[in-house]
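Asker: Contents of final.csv (CSV, C-alpha atoms and all ligand atoms) are below:
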```
chain,number,residue,atom,x,y,z
A,1,MET,CA,10.4,-28.3,-29.7
A,2,TYR,CA,8.3,-27.3,-26.6
A,3,ASP,CA,4.6,-27.9,-26.1
A,4,TYR,CA,4.1,-24.3,-25.0
A,5,LEU,CA,5.9,-21.1,-25.5
A,6,ILE,CA,4.7,-18.8,-22.7
A,7,VAL,CA,5.2,-15.1,-23.2
A,8,GLY,CA,5.3,-13.3,-19.9
A,9,SER,CA,5.9,-14.7,-16.4
A,10,GLY,CA,3.2,-13.0,-14.4
A,11,LEU,CA,0.6,-15.1,-12.6
A,12,PHE,CA,-1.2,-16.2,-15.7
A,13,GLY,CA,1.9,-17.4,-17.4
A,14,CYS,CA,3.3,-19.1,-14.3
A,15,VAL,CA,0.1,-20.9,-13.4
A,16,PHE,CA,-0.3,-22.0,-17.0
A,17,ALA,CA,3.3,-23.3,-17.2
A,18,HIS,CA,3.0,-25.1,-13.8
A,19,GLU,CA,-0.2,-26.8,-14.6
A,20,MET,CA,1.0,-28.0,-18.0
A,21,ALA,CA,4.3,-29.2,-16.6
A,22,GLU,CA,2.3,-31.1,-14.0
A,23,ARG,CA,0.6,-32.8,-17.0
A,24,GLY,CA,3.9,-33.8,-18.5
A,25,LYS,CA,4.1,-31.0,-21.0
A,26,THR,CA,7.2,-28.9,-21.7
A,27,CYS,CA,7.1,-25.1,-21.5
A,28,LEU,CA,9.5,-22.3,-22.4
A,29,VAL,CA,8.7,-19.1,-20.5
A,30,LEU,CA,10.0,-15.8,-21.9
A,31,GLU,CA,10.1,-12.7,-19.7
A,32,ARG,CA,11.3,-9.3,-21.0
A,33,ARG,CA,12.2,-8.0,-17.6
A,34,ALA,CA,15.3,-9.1,-15.8
A,35,GLN,CA,13.2,-11.0,-13.2
A,36,VAL,CA,10.2,-13.2,-13.3
A,37,GLY,CA,6.8,-12.5,-11.7
A,38,GLY,CA,5.3,-9.7,-13.7
A,39,ASN,CA,3.8,-7.0,-11.4
A,40,VAL,CA,3.8,-9.2,-8.3
A,41,ALA,CA,7.6,-9.3,-8.3
A,42,CYS,CA,9.1,-7.9,-5.1
A,43,GLU,CA,12.6,-6.9,-4.1
A,44,GLU,CA,14.0,-7.4,-0.6
A,45,ARG,CA,15.7,-4.5,1.2
A,46,ASP,CA,16.7,-4.6,4.9
A,47,GLY,CA,14.7,-7.8,5.1
A,48,ILE,CA,11.5,-6.0,3.9
A,49,TYR,CA,9.7,-7.1,0.8
A,50,LEU,CA,9.1,-4.1,-1.4
A,51,HIS,CA,6.1,-4.3,-3.7
A,52,THR,CA,8.1,-2.9,-6.6
A,53,TYR,CA,5.1,-2.7,-9.0
A,54,GLY,CA,2.5,-1.5,-6.6
A,55,ALA,CA,0.8,-3.0,-3.6
A,56,HIS,CA,-0.5,-6.5,-4.0
A,57,ILE,CA,-2.8,-7.9,-1.4
A,58,PHE,CA,-4.2,-11.3,-2.2
A,59,HIS,CA,-7.9,-11.7,-1.5
A,60,THR,CA,-10.4,-14.2,-2.9
A,61,SER,CA,-13.7,-15.9,-2.3
A,62,TYR,CA,-12.9,-18.7,-4.7
A,63,GLU,CA,-12.3,-21.8,-2.5
A,64,ASP,CA,-10.4,-23.6,-5.2
A,65,VAL,CA,-8.0,-20.6,-5.9
A,66,TRP,CA,-7.3,-20.2,-2.2
A,67,GLN,CA,-6.5,-23.9,-1.8
A,68,TYR,CA,-4.4,-23.7,-4.9
A,69,VAL,CA,-2.1,-20.9,-3.8
A,70,ASN,CA,-1.8,-22.4,-0.3
A,71,LYS,CA,-0.3,-25.5,-1.9
A,72,PHE,CA,2.8,-23.4,-2.7
A,73,VAL,CA,3.2,-20.8,0.1
A,74,ARG,CA,1.9,-19.9,3.5
A,75,PHE,CA,-0.1,-16.7,3.8
A,76,ASN,CA,0.3,-14.3,6.7
A,77,GLY,CA,-3.3,-13.3,7.5
A,78,TYR,CA,-2.7,-9.6,6.6
A,79,VAL,CA,-6.0,-7.7,6.4
A,80,ASN,CA,-5.9,-4.5,4.3
A,81,SER,CA,-7.3,-1.5,6.2
A,82,PRO,CA,-6.1,1.6,4.3
A,83,VAL,CA,-6.6,5.1,5.7
A,84,ALA,CA,-7.6,8.0,3.5
A,85,ASN,CA,-5.9,11.4,4.0
A,86,TYR,CA,-8.0,14.3,2.8
A,87,MET,CA,-6.3,17.6,3.5
A,88,GLY,CA,-4.7,16.3,6.6
A,89,HIS,CA,-7.9,14.7,8.0
A,90,LEU,CA,-7.9,10.9,8.3
A,91,TYR,CA,-10.8,8.6,7.4
A,92,ASN,CA,-11.0,4.9,7.6
A,93,LEU,CA,-11.6,2.9,4.4
A,94,PRO,CA,-13.5,1.3,2.8
A,95,PHE,CA,-16.6,3.4,3.4
A,96,ASN,CA,-18.0,2.1,6.7
A,97,MET,CA,-19.4,3.2,10.0
A,98,ASN,CA,-16.0,4.5,11.1
A,99,THR,CA,-15.8,6.7,7.9
A,100,PHE,CA,-19.4,8.0,8.5
A,101,ARG,CA,-18.6,8.8,12.1
A,102,GLU,CA,-15.5,10.6,11.2
A,103,LEU,CA,-17.4,12.6,8.6
A,104,TRP,CA,-20.7,13.4,10.2
A,105,ASP,CA,-20.2,12.6,13.9
A,106,ILE,CA,-23.1,10.1,13.8
A,107,VAL,CA,-23.5,7.0,16.0
A,108,THR,CA,-25.9,4.6,14.4
A,109,PRO,CA,-26.3,2.9,11.0
A,110,SER,CA,-29.7,4.5,10.5
A,111,GLU,CA,-28.3,8.0,11.0
A,112,ALA,CA,-25.7,7.2,8.3
A,113,ARG,CA,-28.3,5.7,6.0
A,114,ALA,CA,-30.5,8.8,6.3
A,115,ILE,CA,-27.6,11.2,5.4
A,116,ILE,CA,-26.6,9.1,2.4
A,117,ALA,CA,-30.2,8.6,1.3
A,118,GLU,CA,-30.7,12.3,1.2
A,119,GLN,CA,-27.4,13.0,-0.7
A,120,ARG,CA,-28.0,10.4,-3.3
A,121,GLN,CA,-31.2,12.1,-4.4
A,122,ALA,CA,-28.9,14.1,-6.6
A,123,ILE,CA,-28.9,11.1,-9.0
A,124,LYS,CA,-32.1,10.1,-10.8
A,125,GLY,CA,-32.3,6.7,-12.6
A,126,GLU,CA,-29.6,4.2,-13.4
A,127,PRO,CA,-26.1,5.6,-12.9
A,128,GLN,CA,-24.4,6.2,-16.2
A,129,ASN,CA,-20.8,6.8,-15.1
A,130,LEU,CA,-18.5,6.6,-12.2
A,131,GLU,CA,-19.6,9.9,-10.7
A,132,GLU,CA,-23.3,9.0,-10.7
A,133,GLN,CA,-22.5,5.5,-9.4
A,134,ALA,CA,-20.4,6.9,-6.6
A,135,ILE,CA,-23.0,9.4,-5.5
A,136,SER,CA,-25.8,6.9,-5.7
A,137,LEU,CA,-23.7,4.5,-3.5
A,138,VAL,CA,-22.4,6.9,-0.8
A,139,GLY,CA,-23.7,10.4,-1.4
A,140,THR,CA,-22.0,13.7,-2.3
A,141,ASP,CA,-19.8,14.2,0.8
A,142,ILE,CA,-17.9,11.0,0.4
A,143,TYR,CA,-17.8,11.5,-3.4
A,144,THR,CA,-16.2,14.9,-3.0
A,145,LYS,CA,-13.7,14.2,-0.3
A,146,LEU,CA,-12.7,10.6,-0.8
A,147,ILE,CA,-13.5,9.6,-4.4
A,148,LYS,CA,-13.4,12.4,-6.9
A,149,GLY,CA,-9.8,13.6,-6.5
A,150,TYR,CA,-8.4,10.2,-6.0
A,151,THR,CA,-10.2,8.7,-9.0
A,152,GLU,CA,-9.3,11.6,-11.3
A,153,LYS,CA,-5.6,11.3,-10.4
A,154,GLN,CA,-5.7,7.5,-10.7
A,155,TRP,CA,-7.3,7.5,-14.2
A,156,GLY,CA,-6.4,10.9,-15.5
A,157,ARG,CA,-10.0,11.5,-16.6
A,158,SER,CA,-13.1,13.1,-15.2
A,159,CYS,CA,-15.3,10.7,-13.1
A,160,THR,CA,-18.1,11.4,-15.7
A,161,GLU,CA,-16.0,9.7,-18.4
A,162,LEU,CA,-15.2,6.6,-16.4
A,163,PRO,CA,-17.2,3.3,-16.2
A,164,ALA,CA,-19.3,2.8,-13.1
A,165,PHE,CA,-17.9,-0.7,-12.4
A,166,ILE,CA,-14.6,0.7,-11.1
A,167,ILE,CA,-16.1,2.1,-8.0
A,168,LYS,CA,-18.2,-1.0,-7.3
A,169,ARG,CA,-14.9,-2.7,-6.4
A,170,LEU,CA,-15.1,-0.9,-3.1
A,171,PRO,CA,-17.3,-2.2,-0.3
A,172,VAL,CA,-19.8,0.1,1.4
A,173,ARG,CA,-21.0,-1.2,4.7
A,174,TYR,CA,-22.9,0.0,7.7
A,175,THR,CA,-20.8,-1.8,10.3
A,176,PHE,CA,-17.6,-0.7,12.0
A,177,ASP,CA,-15.4,-2.9,9.8
A,178,ASN,CA,-12.3,-1.5,8.2
A,179,ASN,CA,-11.4,-4.6,6.1
A,180,TYR,CA,-11.0,-3.2,2.6
A,181,PHE,CA,-12.2,-6.5,1.0
A,182,ASN,CA,-15.4,-8.5,1.4
A,183,ASP,CA,-13.6,-11.7,0.4
A,184,ARG,CA,-13.5,-14.7,2.6
A,185,TYR,CA,-9.7,-15.2,2.4
A,186,GLN,CA,-6.9,-12.6,2.4
A,187,GLY,CA,-3.2,-12.4,3.0
A,188,ILE,CA,0.3,-12.0,1.6
A,189,PRO,CA,2.8,-14.8,1.2
A,190,GLU,CA,4.9,-14.9,4.3
A,191,ASP,CA,8.1,-15.1,2.2
A,192,GLY,CA,6.9,-12.6,-0.4
A,193,TYR,CA,5.4,-13.1,-3.8
A,194,ASN,CA,8.6,-14.2,-5.3
A,195,SER,CA,8.4,-17.4,-3.3
A,196,LEU,CA,5.0,-18.1,-5.0
A,197,ILE,CA,6.4,-17.5,-8.5
A,198,LYS,CA,9.5,-19.6,-7.7
A,199,ALA,CA,7.3,-22.5,-6.4
A,200,LEU,CA,5.2,-22.3,-9.6
A,201,LEU,CA,8.1,-22.2,-12.0
A,202,ASP,CA,10.7,-24.5,-10.3
A,203,MET,CA,9.8,-27.8,-11.7
A,204,PRO,CA,11.0,-30.2,-14.4
A,205,GLY,CA,9.5,-29.3,-17.8
A,206,ILE,CA,9.7,-25.6,-17.3
A,207,GLU,CA,12.6,-23.5,-18.8
A,208,VAL,CA,12.7,-19.8,-18.1
A,209,ARG,CA,14.5,-17.1,-20.1
A,210,THR,CA,14.6,-13.5,-18.8
A,211,GLY,CA,15.5,-10.4,-20.7
A,212,VAL,CA,13.9,-11.6,-23.9
A,213,ASP,CA,11.4,-9.4,-25.7
A,214,TYR,CA,9.2,-11.8,-27.6
A,215,ASN,CA,7.5,-9.1,-29.7
A,216,LYS,CA,10.9,-7.8,-30.9
A,217,GLU,CA,12.4,-11.3,-31.4
A,218,ARG,CA,9.4,-13.2,-32.7
A,219,ALA,CA,11.0,-14.6,-35.7
A,220,ALA,CA,13.6,-16.4,-33.5
A,221,PHE,CA,10.8,-18.2,-31.7
A,222,ALA,CA,8.5,-18.9,-34.6
A,223,ASP,CA,9.0,-22.7,-34.5
A,224,VAL,CA,10.0,-23.5,-31.0
A,225,ALA,CA,6.6,-24.6,-29.7
A,226,GLN,CA,3.3,-26.0,-30.8
A,227,THR,CA,1.3,-23.4,-29.0
A,228,VAL,CA,2.0,-19.8,-27.8
A,229,VAL,CA,0.5,-18.5,-24.7
A,230,TYR,CA,0.7,-14.7,-24.9
A,231,THR,CA,0.2,-12.6,-21.8
A,232,GLY,CA,1.5,-9.2,-23.0
A,233,PRO,CA,-0.5,-6.3,-24.3
A,234,ILE,CA,-2.8,-7.5,-27.0
A,235,ASP,CA,-2.4,-4.3,-29.2
A,236,GLU,CA,1.4,-4.7,-29.0
A,237,TYR,CA,1.1,-8.3,-30.3
A,238,PHE,CA,-0.6,-7.0,-33.4
A,239,GLY,CA,1.9,-4.1,-33.9
A,240,TYR,CA,-0.8,-1.6,-32.8
A,241,LYS,CA,-2.2,-2.0,-36.3
A,242,LEU,CA,-5.8,-1.0,-35.3
A,243,GLY,CA,-4.6,1.8,-33.0
A,244,GLN,CA,-3.3,1.9,-29.4
A,245,LEU,CA,-5.2,0.8,-26.4
A,246,GLU,CA,-4.8,3.2,-23.5
A,247,TYR,CA,-3.3,2.1,-20.2
A,248,ARG,CA,-2.6,3.9,-17.0
A,249,GLY,CA,1.0,4.0,-16.1
A,250,LEU,CA,2.5,4.4,-12.6
A,251,ARG,CA,5.7,6.0,-11.3
A,252,PHE,CA,7.0,5.0,-7.9
A,253,GLU,CA,9.3,7.0,-5.6
A,254,THR,CA,10.7,5.1,-2.7
A,255,GLN,CA,12.3,6.6,0.4
A,256,ARG,CA,14.2,4.8,3.2
A,257,PHE,CA,13.6,6.2,6.7
A,258,THR,CA,15.6,5.3,9.7
A,259,GLU,CA,12.6,4.9,12.0
A,260,ALA,CA,10.6,1.9,12.9
A,261,ASN,CA,7.2,3.1,11.8
A,262,HIS,CA,6.6,6.1,9.5
A,263,GLN,CA,2.9,6.2,8.8
A,264,GLY,CA,1.4,3.6,11.0
A,265,VAL,CA,-0.5,1.7,8.2
A,266,ALA,CA,0.5,-0.1,5.0
A,267,VAL,CA,-1.6,2.0,2.6
A,268,MET,CA,-2.5,5.6,3.0
A,269,ASN,CA,-4.6,7.1,0.2
A,270,TYR,CA,-4.3,10.8,-0.6
A,271,THR,CA,-7.7,11.7,-1.9
A,272,ALA,CA,-7.3,15.4,-2.6
A,273,ARG,CA,-6.7,16.4,-6.2
A,274,GLU,CA,-4.0,18.9,-5.0
A,275,VAL,CA,-1.6,16.1,-3.8
A,276,PRO,CA,0.1,14.7,-6.9
A,277,PHE,CA,0.4,11.1,-5.7
A,278,THR,CA,-2.5,8.8,-5.0
A,279,ARG,CA,-1.1,6.7,-2.2
A,280,THR,CA,1.9,5.9,0.0
A,281,ILE,CA,2.8,2.4,0.8
A,282,GLU,CA,4.8,1.5,3.9
A,283,HIS,CA,5.8,-2.0,2.9
A,284,LYS,CA,6.9,-3.4,6.2
A,285,HIS,CA,3.3,-3.3,7.5
A,286,PHE,CA,2.3,-5.9,4.9
A,287,MET,CA,4.6,-8.4,6.8
A,288,ARG,CA,2.0,-9.3,9.4
A,289,GLY,CA,3.4,-11.4,12.2
A,290,ARG,CA,7.0,-10.3,11.6
A,291,GLU,CA,7.7,-8.5,14.9
A,292,ASP,CA,11.5,-8.5,14.1
A,293,ILE,CA,10.8,-6.5,10.9
A,294,ALA,CA,8.3,-4.2,12.7
A,295,ALA,CA,10.8,-3.4,15.4
A,296,GLN,CA,13.9,-2.6,13.3
A,297,PRO,CA,14.5,1.1,12.9
A,298,VAL,CA,14.3,1.1,9.2
A,299,THR,CA,11.3,1.4,6.9
A,300,TYR,CA,10.6,2.1,3.2
A,301,VAL,CA,7.7,4.2,2.0
A,302,THR,CA,6.7,4.4,-1.7
A,303,ARG,CA,4.7,7.2,-3.2
A,304,GLU,CA,2.6,6.1,-6.2
A,305,TYR,CA,2.1,8.6,-9.1
A,306,PRO,CA,-0.3,7.6,-11.9
A,307,HIS,CA,0.4,9.1,-15.3
A,308,ASP,CA,-0.5,8.8,-19.0
A,309,TRP,CA,1.1,5.7,-20.3
A,310,GLN,CA,3.4,5.8,-23.4
A,311,PRO,CA,4.3,2.8,-25.5
A,312,GLY,CA,7.5,1.1,-24.2
A,313,GLU,CA,6.6,1.8,-20.6
A,314,GLU,CA,5.1,-0.7,-18.1
A,315,ALA,CA,1.4,-0.9,-18.6
A,316,TYR,CA,-0.5,-1.2,-15.3
A,317,TYR,CA,-4.2,-0.6,-15.6
A,318,PRO,CA,-6.3,-1.0,-18.7
A,319,VAL,CA,-8.6,2.0,-19.2
A,320,ASN,CA,-11.9,0.3,-19.8
A,321,ASN,CA,-13.9,3.2,-21.3
A,322,GLU,CA,-16.1,2.9,-24.4
A,323,ARG,CA,-13.4,3.8,-26.9
A,324,ASN,CA,-11.0,1.2,-25.6
A,325,GLN,CA,-13.5,-1.5,-25.1
A,326,LYS,CA,-14.5,-1.1,-28.8
A,327,LEU,CA,-10.9,-1.2,-29.9
A,328,TYR,CA,-10.2,-4.2,-27.7
A,329,ALA,CA,-13.2,-6.1,-29.2
A,330,GLN,CA,-11.6,-5.6,-32.6
A,331,TYR,CA,-8.2,-6.9,-31.4
A,332,LYS,CA,-10.0,-9.8,-29.8
A,333,ASP,CA,-11.5,-10.7,-33.2
A,334,LEU,CA,-8.0,-10.8,-34.6
A,335,ALA,CA,-6.8,-12.9,-31.7
A,336,THR,CA,-9.5,-15.5,-32.3
A,337,GLN,CA,-8.2,-15.8,-35.9
A,338,GLU,CA,-4.6,-16.5,-34.7
A,339,GLN,CA,-3.7,-20.1,-35.1
A,340,ASN,CA,-2.3,-21.8,-32.0
A,341,VAL,CA,-2.1,-18.7,-29.9
A,342,ILE,CA,-3.8,-18.4,-26.5
A,343,PHE,CA,-4.3,-14.9,-25.1
A,344,GLY,CA,-4.6,-14.6,-21.3
A,345,GLY,CA,-4.1,-12.3,-18.4
A,346,ARG,CA,-4.6,-8.6,-17.5
A,347,LEU,CA,-2.8,-7.2,-20.6
A,348,ALA,CA,-3.8,-9.7,-23.2
A,349,GLU,CA,-7.5,-9.6,-22.2
A,350,TYR,CA,-7.4,-5.9,-21.4
A,351,LYS,CA,-9.2,-6.6,-18.2
A,352,TYR,CA,-8.9,-5.1,-14.7
A,353,TYR,CA,-8.3,-8.6,-13.2
A,354,ASP,CA,-7.4,-9.1,-9.5
A,355,MET,CA,-4.8,-11.7,-8.8
A,356,ASP,CA,-7.3,-14.4,-7.9
A,357,ASP,CA,-9.2,-13.8,-11.1
A,358,VAL,CA,-6.1,-14.2,-13.1
A,359,ILE,CA,-5.2,-17.5,-11.4
A,360,LYS,CA,-8.8,-18.7,-11.9
A,361,SER,CA,-8.8,-17.8,-15.6
A,362,ALA,CA,-5.4,-19.5,-16.0
A,363,LEU,CA,-6.7,-22.7,-14.4
A,364,ASP,CA,-9.8,-22.5,-16.5
A,365,CYS,CA,-7.7,-22.0,-19.6
A,366,VAL,CA,-5.6,-25.0,-18.8
A,367,GLN,CA,-8.7,-27.1,-18.3
A,368,ALA,CA,-10.2,-25.9,-21.6
A,369,THR,CA,-6.9,-26.5,-23.5
A,370,VAL,CA,-6.5,-30.0,-22.1
A,371,THR,CA,-10.2,-30.9,-22.9
A,372,GLN,CA,-9.8,-29.6,-26.4
A,373,GLY,CA,-6.7,-31.7,-27.0
A,374,GLU,CA,-8.4,-34.9,-25.9
A,401,LIG,N1,-11.1,4.8,-4.9
A,401,LIG,C1,-11.4,6.1,-4.5
A,401,LIG,N2,-10.8,6.5,-3.3
A,401,LIG,C2,-10.0,5.7,-2.6
A,401,LIG,C3,-9.7,4.4,-3.1
A,401,LIG,C4,-10.2,4.0,-4.3
A,401,LIG,O1,-12.1,6.8,-5.1
A,401,LIG,O2,-9.5,6.2,-1.5
A,401,LIG,C5,-11.7,4.4,-6.2
A,401,LIG,C6,-10.8,4.8,-7.4
A,401,LIG,O3,-11.7,5.1,-8.5
A,401,LIG,C7,-10.1,3.5,-7.7
A,401,LIG,C8,-11.2,2.5,-7.4
A,401,LIG,O4,-11.8,3.0,-6.3
A,401,LIG,O5,-9.7,3.5,-9.1
A,401,LIG,C9,-10.7,1.1,-7.1
A,401,LIG,O6,-9.8,1.1,-6.1
A,401,LIG,P1,-8.8,-0.1,-5.7
A,401,LIG,O7,-8.2,0.2,-4.4
A,401,LIG,O8,-9.6,-1.3,-5.8
A,401,LIG,O9,-7.7,0.0,-6.8
A,401,LIG,P2,-6.3,-0.7,-7.0
A,401,LIG,O10,-5.8,-1.1,-5.7
A,401,LIG,O11,-6.6,-1.9,-8.0
A,401,LIG,O12,-5.5,0.3,-7.6
```
Show me this structure written as structure tokens.
Answerer:
Amino acid sequence: MYDYLIVGSGLFGCVFAHEMAERGKTCLVLERRAQVGGNVACEERDGIYLHTYGAHIFHTSYEDVWQYVNKFVRFNGYVNSPVANYMGHLYNLPFNMNTFRELWDIVTPSEARAIIAEQRQAIKGEPQNLEEQAISLVGTDIYTKLIKGYTEKQWGRSCTELPAFIIKRLPVRYTFDNNYFNDRYQGIPEDGYNSLIKALLDMPGIEVRTGVDYNKERAAFADVAQTVVYTGPIDEYFGYKLGQLEYRGLRFETQRFTEANHQGVAVMNYTAREVPFTRTIEHKHFMRGREDIAAQPVTYVTREYPHDWQPGEEAYYPVNNERNQKLYAQYKDLATQEQNVIFGGRLAEYKYYDMDDVIKSALDCVQATVTQGE
């Protein structure tokens, strides 16, 4: 008998397991894939860490979370500065003075503000959806060239049907600063994300089994632990009995090139609707400080194609529109009635969590669980 049966070995499951093992508890971690780590798992080819399940750039302003992850791995100081490619024209991201200069050939922040102020007059009152929110933040030019096509590909829906909060993730600033994030800390583990997962899981008290699909084999694990920590899709846990939540799926196409540097940047966003993929990732550029990797005449570039998710596929993004939020609330009610089951992480909470948020919520969950047990 274990204290905890942890379903899923993404960041939530791994942090929970680690913290409980630190407190002398025993944990069995089940993972349905062949390898641990959830969507932060990487694979190594020619010495390059490929972000197999999409680009993961760690960024946070939580002091405690930053200190926490630095206990396990060293971060390389990578700063994300993606470039948008719209019909062959390049623009810096996030939306900043470099972007405004490239678009309008202006020089000062006040010139940029004046153009945006004029364009945002198209929106009256409080923005009701992503389109209105985007136009009221950055005006119609940026919305048309850099947001609309990308967002509609990413989410498979019109910008008028999407919640405003998604676009608020992106900074808008009137300085010449191409850092995609406003957070105080940022970077990528020097030895890849697998090293973080390994450091979290490799300790007495934690046993890991891969290739086990808990939802299919639930009966076999009915009595192995006092408490279950479930981090998979919440609707799948309940056999989709209230209906299916929608997710956005991703398909990746990776190419190996025998050249040192293919696109000159880690992330290039293709913002035109006509291009079927949303972005291309050149993984080696994430490995800041690795001059040996930069110099070698081999590189990998991955194209990312979003698509409508079907049950059985990997679920990447929850689609937090009204319909799904309502359905999730019903599943959440069911979840609170489950005895001795904790639901946590992006899929079980149906929430567009970043990595730092997931770690924070796992740490909070451990704290709450420990306090409850006292
Ligand atoms: N977005 C956009 N154009 C871009 C990049 C992002 O319109 O070039 C919008 C899009 O709606 C996307 C959202 O901003 O879903 C959040 O982007 P982020 O890069 O945070 O998404 P993630 O990296 O989590 O996929």
Asker: Which residues come within 9 Å of region 221-231 of chain A, counting all atoms listed in the file, excluding same-chain residues fewer than 6 positions away, as a ChimeraX atom specification?
Answerer: /A:1-10,12-13,16,27-28,214,237,339-349
Asker: I need the residue nearest Lys351 (chain A) from this list: A:Tyr150, A:Gly243, A:His262, A:Pro233. Use all atoms listed in the file for the distance.
Answerer: A:Pro233
Asker: Taking all atoms listed in the file into account, list the residues no farther than 6 Å from ligand LIG 401 (chain A), as JSON, numbers by chain.
Answerer: {"A": [84, 146, 147, 150, 151, 154, 166, 167, 169, 269, 271]}
Asker: For Leu137 (chain A), which residue out of A:Leu170, A:Cys159, A:Ala34, A:Leu11 is the nearest one, using all atoms listed in the file?
Answerer: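 Closest to Leu137 (chain A) of all the choices is A:Leu170.
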Asker: What is the distance between CA of Val208 (chain A) and CA of Gly38 (chain A), in Å to one decimal?
Answerer: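 Here the two named atoms are 13.3 Å from each other.
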Asker: Can you measure CA of Glu22 (chain A) to CA of Gly205 (chain A) for me? One decimal in Å is fine.
Answerer: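 Computing it gives 8.3 Å between the two atoms.
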Asker: Taking the point (-18.8, 3.6, -15.3) as given in the file, collect each protein or nucleic acid residue that comes within 6 Å of it, counting all atoms listed in the file, and present the set as a PDB file with C-alpha atoms, in the frame of the given file.
Answerer:
```pdb
ATOM      1  CA  ASN A 129     -20.800   6.800 -15.100  1.00  0.00           C
ATOM      2  CA  LEU A 130     -18.500   6.600 -12.200  1.00  0.00           C
ATOM      3  CA  LEU A 162     -15.200   6.600 -16.400  1.00  0.00           C
ATOM      4  CA  PRO A 163     -17.200   3.300 -16.200  1.00  0.00           C
ATOM      5  CA  ALA A 164     -19.300   2.800 -13.100  1.00  0.00           C
ATOM      6  CA  PHE A 165     -17.900  -0.700 -12.400  1.00  0.00           C
TER       7      PHE A 165
END
```
Asker: Select, from A:Glu207, A:Asp191, A:Glu132, A:Glu111, the residue with the minimum atom-to-atom distance to Tyr49 (chain A), counting only C-alpha atoms.
Answerer: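 So, comparing all the options, the nearest one is A:Asp191.
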Asker: Measure the distance from CA of Tyr240 (chain A) to CA of Ala335 (chain A) in Å and round it to one decimal.
Answerer: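 Pair CA of Tyr240 (chain A) / CA of Ala335 (chain A) returns 12.8 Å.
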Asker: Which polymer residues have any atom within 9 Å of an atom of Asn179 (chain A), counting only C-alpha atoms, with same-chain residues fewer than 6 positions away left out, as a ChimeraX atom specification?
Answerer: /A:79-82,93-94
Asker: As a list in words, please: the residues near Pro189 (chain A) (cut-off 8 Å, all atoms listed in the file, same-chain neighbours under 4 positions excluded).
Answerer: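 After dropping sequence-adjacent residues, the list is Val73, Arg74, Phe75, Asn76, Tyr193, Ser195 and Leu196 of chain A.
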Asker: Please dump the current selection as a PDB file, in the frame of the given file; keep C-alpha atoms.
Answerer:
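Below is the file that was written, part_38.pdb:
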```
ATOM      1  CA  VAL A  73       3.200 -20.800   0.100  1.00  0.00           C
ATOM      2  CA  ARG A  74       1.900 -19.900   3.500  1.00  0.00           C
ATOM      3  CA  PHE A  75      -0.100 -16.700   3.800  1.00  0.00           C
ATOM      4  CA  ASN A  76       0.300 -14.300   6.700  1.00  0.00           C
ATOM      5  CA  TYR A 193       5.400 -13.100  -3.800  1.00  0.00           C
ATOM      6  CA  SER A 195       8.400 -17.400  -3.300  1.00  0.00           C
ATOM      7  CA  LEU A 196       5.000 -18.100  -5.000  1.00  0.00           C
TER       8      LEU A 196
END
```
Asker: List as a PDB file with C-alpha atoms, in the frame of the given file: which residues have an atom within 10 Å of (-2.9, 18.3, -7.8), counting only C-alpha atoms?
Answerer:
```pdb
ATOM      1  CA  GLY A 149      -9.800  13.600  -6.500  1.00  0.00           C
ATOM      2  CA  TYR A 150      -8.400  10.200  -6.000  1.00  0.00           C
ATOM      3  CA  GLU A 152      -9.300  11.600 -11.300  1.00  0.00           C
ATOM      4  CA  LYS A 153      -5.600  11.300 -10.400  1.00  0.00           C
ATOM      5  CA  ALA A 272      -7.300  15.400  -2.600  1.00  0.00           C
ATOM      6  CA  ARG A 273      -6.700  16.400  -6.200  1.00  0.00           C
ATOM      7  CA  GLU A 274      -4.000  18.900  -5.000  1.00  0.00           C
ATOM      8  CA  VAL A 275      -1.600  16.100  -3.800  1.00  0.00           C
ATOM      9  CA  PRO A 276       0.100  14.700  -6.900  1.00  0.00           C
ATOM     10  CA  PHE A 277       0.400  11.100  -5.700  1.00  0.00           C
ATOM     11  CA  THR A 278      -2.500   8.800  -5.000  1.00  0.00           C
TER      12      THR A 278
END
```
